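Below: the structure, in structure tokens.
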Amino acid sequence: MIVLDQKKTFSVTTMSENSVNGEETGEHFERFLEQHLNQLQASGVPSTHWKSLYVKLKEDIYDAGESFKMLCYEMESDDEETENKDIGQDGEEEITNYKWMIEATKDVQKDDSNNIFLIDHAWTYRAEEARQHLKTIPGLLQRMASLMAVKVNGRSNSQIEEDILTEMWKFNQTYSFGHFERGDKAAMPVWYVMDEFGSRIQHSETPNCRTVPFYWRETKMTYTLMWLKEDVDDGDEITRDYVEKEEDDDIKKARLLSWEPCDMKTISYKQEEPDVEYFSKYAMNETLPNPDTPFPGLPKDRNVRIFVEYGSLRDHLTDKRFEIVETQEEADVIWTFKSWKDYKKLSEETPGKMINQFPRESVLTVKDLLAVVCRRVSKGVEDPDTLERDPDWLPITYNLKTELDKFASYFQHREEKGLDNHWICKPWNLARGLDMHISNNLNQITRLPDSGPKVACKYVEDPVLFFREEVGNVKFDVRYVVLLSSVKPLKLFVYRVFWLRFANKAFSLDHFDEYEKHFTVMNYVEGGINLKQIHYDDFIPMFEKQYPAFPWNGVEESIFQMFREMFQGATSLPPPQGIAHNPQSRALYAADLLLRWSTDQKGDKVIRPVLCEVNFMPDCDRAVKYHPFFSNDVFSTLFLDDTESKYVTQLL
């Protein structure tokens, strides 16, 4: 190797012994600990370094350059013709085949309390902002291109942008704050690239340092902290473990693919039903009803008393057979937003009271469990040419925490066959399009779980589109409301009125960070994005005019069959692996789906539904706004077994 350059960190500031031990740090340091103790302990920052850390934050001290330097090596090549060199228009040679490393410039002791170092962040962003940042923040494109070794000579900014958006997953780190489970946008993952010093600390299975993000409340800024795990000598390379605390060797290999590419195809991508303990983790202290307690049914001699937390449903519940009450205690039926936990207590203390949830319904509403229960209806058939599997309405779905190695294998098998490899990655516990990513970049997909649990679903690359005169052919999705009345026997209804959501830009298989092209949920987007709405009975003739060979009633029947199979899979095993039978339970779910083009056994073109997700307690504001009878129909079907003249169809 040839040494091209060696640099110390950009900012070198010394910290005197007096500044660490000075009296002015006492009271302020105690306040610092009060505000940051949990963060320091959770990150594993040694307590011996806390006071030095406080002083360096307070005085903005970046002193890693006193102990370390950056070295750049050109990687030697046996074949001069294959060396990664590019001659730009100015005649200067652009070398892109090089390696950086961090090296100690003196002996450094891990127990020296001063040896904790601040690393600045060169770029902080949310994923959907990345492209815009590169376009608008002065100097960012050039700095990232240099840091990531992206070629720039003779290339347009848009070409450089695309390469940075691909390469950045080798450099990205992440953190999040707030209440992720509430869908709080402020808690969505933040990605960041450390400065040149931090980004050039290389990976090792036997690292001698650690780095962690740290949020300082006083300035509302995030830094990376670096400290040594062991003593280092002058000339030692400084390394960290890019994937800490991963005990499964194959999954660790998959998580390291961004930096250490390897062939994962020897690993079987076949998916198996998880064990009972896997499902139990999602139960979250949920008890089951006492099976020996008889259910007397709702009262027949008076109106049914309903407690409804959802204002829109309550305001439109006008059926005289129901009476709205203000407390759960006086109600016969509780309709609540909150996840119900104690079904045992409900069955034993109030056996005649009903609830709008089923025990263990999380097998439907949690995305990775949904894929598992839907696979139960599979006949085990895989097309050897397309690697597609049945049921054809379920996109191939992998849990990126527990099945990342299998996913990487499946991805590489598809890549080898030249098959489309676009995937949509979703948090298993969020909806509304939050923290979703579409990509065919294996490096990106294997890094996304760093920001929280996710599933990867095969992206529908050939969706059925809807022509909008003002836009062109756009993606759309369909939402049906399904009503579960019983598990044993399985009794299921679908509300015949459905709702549509449309993308705002013409569909094409590119620019996957362009939300209005690839996503349809516009209700919750900030900034006044246009929300296209078409009533279902206006949509049907419009759809049939655009696709005259595909009448809607045939498409809808395939959708209804999907719902039947989905609930059969979800109730085929006892809890916690399936929805529990409970005579006190009734539930409403929203099932979201796309339509895609496919071929049948004869080779004829057909439209197939594709399940996206199932939601508990969905937003019903549009339902009651455009269909004031919605509340009456739903409550009559679920609690009075009255479907006469209601907009419902019994499926099972």
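Ligands are numbered from 1 in the order shown, chains are lettered A, B, ... in the order of the structure tokens, and residues start at 1 in each chain.
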- Apply DSSP to the backbone of this structure and, from segment 119-326 of chain A, keep only the residues in strand (DSSP E or B); write these as a ChimeraX atom specification. /A:119,121-125,172-175,190-194,202-203,209-216,221-228,232,237-240,287,304-308,322-324
What would the file look like if the residues just selected were written as a PDB file, in the first residue's frame with C-alpha atoms?
```pdb
ATOM      1  CA  ILE A 119     -16.918  13.446  16.956  1.00  0.00           C
ATOM      2  CA  HIS A 121     -21.639  15.048  12.466  1.00  0.00           C
ATOM      3  CA  ALA A 122     -21.099  16.120   8.882  1.00  0.00           C
ATOM      4  CA  TRP A 123     -24.690  15.481   7.810  1.00  0.00           C
ATOM      5  CA  THR A 124     -27.875  14.876   9.800  1.00  0.00           C
ATOM      6  CA  TYR A 125     -31.157  14.199   8.027  1.00  0.00           C
ATOM      7  CA  ASN A 172     -24.951   6.156   7.915  1.00  0.00           C
ATOM      8  CA  GLN A 173     -25.568   5.926  11.636  1.00  0.00           C
ATOM      9  CA  THR A 174     -28.933   6.438  13.314  1.00  0.00           C
ATOM     10  CA  TYR A 175     -30.766   7.486  16.454  1.00  0.00           C
ATOM     11  CA  VAL A 190     -32.657  10.410  12.277  1.00  0.00           C
ATOM     12  CA  TRP A 191     -29.729   9.326  10.118  1.00  0.00           C
ATOM     13  CA  TYR A 192     -26.346  10.974  10.271  1.00  0.00           C
ATOM     14  CA  VAL A 193     -22.872  10.725   8.798  1.00  0.00           C
ATOM     15  CA  MET A 194     -19.984  11.296  11.174  1.00  0.00           C
ATOM     16  CA  GLN A 202     -12.780   0.867  10.394  1.00  0.00           C
ATOM     17  CA  HIS A 203     -14.663  -2.260  11.488  1.00  0.00           C
ATOM     18  CA  CYS A 209     -12.939   1.569  20.804  1.00  0.00           C
ATOM     19  CA  ARG A 210     -16.670   2.285  20.935  1.00  0.00           C
ATOM     20  CA  THR A 211     -18.722   5.074  19.408  1.00  0.00           C
ATOM     21  CA  VAL A 212     -22.270   6.048  20.406  1.00  0.00           C
ATOM     22  CA  PRO A 213     -24.552   8.997  19.587  1.00  0.00           C
ATOM     23  CA  PHE A 214     -25.186  11.428  22.426  1.00  0.00           C
ATOM     24  CA  TYR A 215     -27.805  14.166  22.649  1.00  0.00           C
ATOM     25  CA  TRP A 216     -26.802  17.197  24.713  1.00  0.00           C
ATOM     26  CA  MET A 221     -27.279  18.961  19.451  1.00  0.00           C
ATOM     27  CA  THR A 222     -26.212  15.380  18.889  1.00  0.00           C
ATOM     28  CA  TYR A 223     -22.594  14.271  18.871  1.00  0.00           C
ATOM     29  CA  THR A 224     -20.836  10.937  18.636  1.00  0.00           C
ATOM     30  CA  LEU A 225     -18.769   9.938  21.657  1.00  0.00           C
ATOM     31  CA  MET A 226     -15.666   7.798  21.245  1.00  0.00           C
ATOM     32  CA  TRP A 227     -13.702   6.088  23.986  1.00  0.00           C
ATOM     33  CA  LEU A 228     -11.224   3.222  24.189  1.00  0.00           C
ATOM     34  CA  VAL A 232      -3.486   1.286  22.518  1.00  0.00           C
ATOM     35  CA  GLU A 237      -5.070   1.164  14.277  1.00  0.00           C
ATOM     36  CA  ILE A 238      -8.268   2.336  15.996  1.00  0.00           C
ATOM     37  CA  THR A 239     -11.281   0.142  15.192  1.00  0.00           C
ATOM     38  CA  ARG A 240     -14.867  -0.342  16.301  1.00  0.00           C
ATOM     39  CA  THR A 287     -54.614 -12.318  29.806  1.00  0.00           C
ATOM     40  CA  VAL A 304     -77.900  -1.761  24.576  1.00  0.00           C
ATOM     41  CA  ARG A 305     -75.723   0.755  26.407  1.00  0.00           C
ATOM     42  CA  ILE A 306     -72.644   1.770  24.450  1.00  0.00           C
ATOM     43  CA  PHE A 307     -69.525   3.555  25.674  1.00  0.00           C
ATOM     44  CA  VAL A 308     -67.679   4.907  22.594  1.00  0.00           C
ATOM     45  CA  PHE A 322     -78.510   1.724  21.297  1.00  0.00           C
ATOM     46  CA  GLU A 323     -78.038   4.163  24.145  1.00  0.00           C
ATOM     47  CA  ILE A 324     -74.821   6.173  24.531  1.00  0.00           C
TER      48      ILE A 324
END
```
- Item | Residues within 10 Å of segment 514-521 of chain A, only C-alpha atoms, excluding chain neighbours under 6 positions, as a ChimeraX atom specification | /A:128-129,131,431-434,436-438,474-478,500-508,529-532
- Excluding same-chain residues fewer than 5 positions from His422 of chain A, what lies within 10 Å of it counting only C-alpha atoms, as a PyMOL selection string? chain A and resi 411+438-442+456-461+509+512
- Task: Per DSSP on the backbone, filter segment 188-349 of chain A down to the residues in alpha helix (DSSP H) and report them as a VMD selection string.
- Result: chain A and resid 196 to 199 249 to 255 276 to 280 311 to 315 343 to 349
- Task: Extract, using only C-alpha atoms, all DNA, RNA and protein residues at most 9 Å from segment 354-369 of chain A, discarding same-chain residues fewer than 4 positions from it, and format them as an NGL selection string.
- Result: :A and (279 or 282-283 or 286-289 or 297-298 or 331-336 or 339-341 or 343 or 346 or 350 or 373-374 or 397-399 or 426-430 or 454-455 or 484 or 566-567 or 570 or 575-589 or 612-616 or 639)
- Item | From A:Cys262, A:Val243, A:Leu651, A:Val372, residue lying nearest Asp450 of chain A [only C-alpha atoms] |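 Closest to Asp450 of chain A, using only C-alpha atoms: A:Val243.
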- Task: Mind giving me the straight-line distance from atom CA of Gln533 of chain A to atom CA of Trp597 of chain A in Å, one decimal?
- Result: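 So the two atoms, atom CA of Gln533 of chain A and atom CA of Trp597 of chain A, lie 23.5 Å apart.
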- Item | From A:Glu161, A:Asp301, A:Asp319, A:Glu260, residue lying nearest Asp642 of chain A [only C-alpha atoms] |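 So, comparing all the options, the nearest one is A:Asp319.
Atom to atom, atom CA of Glu244 of chain A and atom CA of Leu165 of chain A stand 24.6 Å apart.
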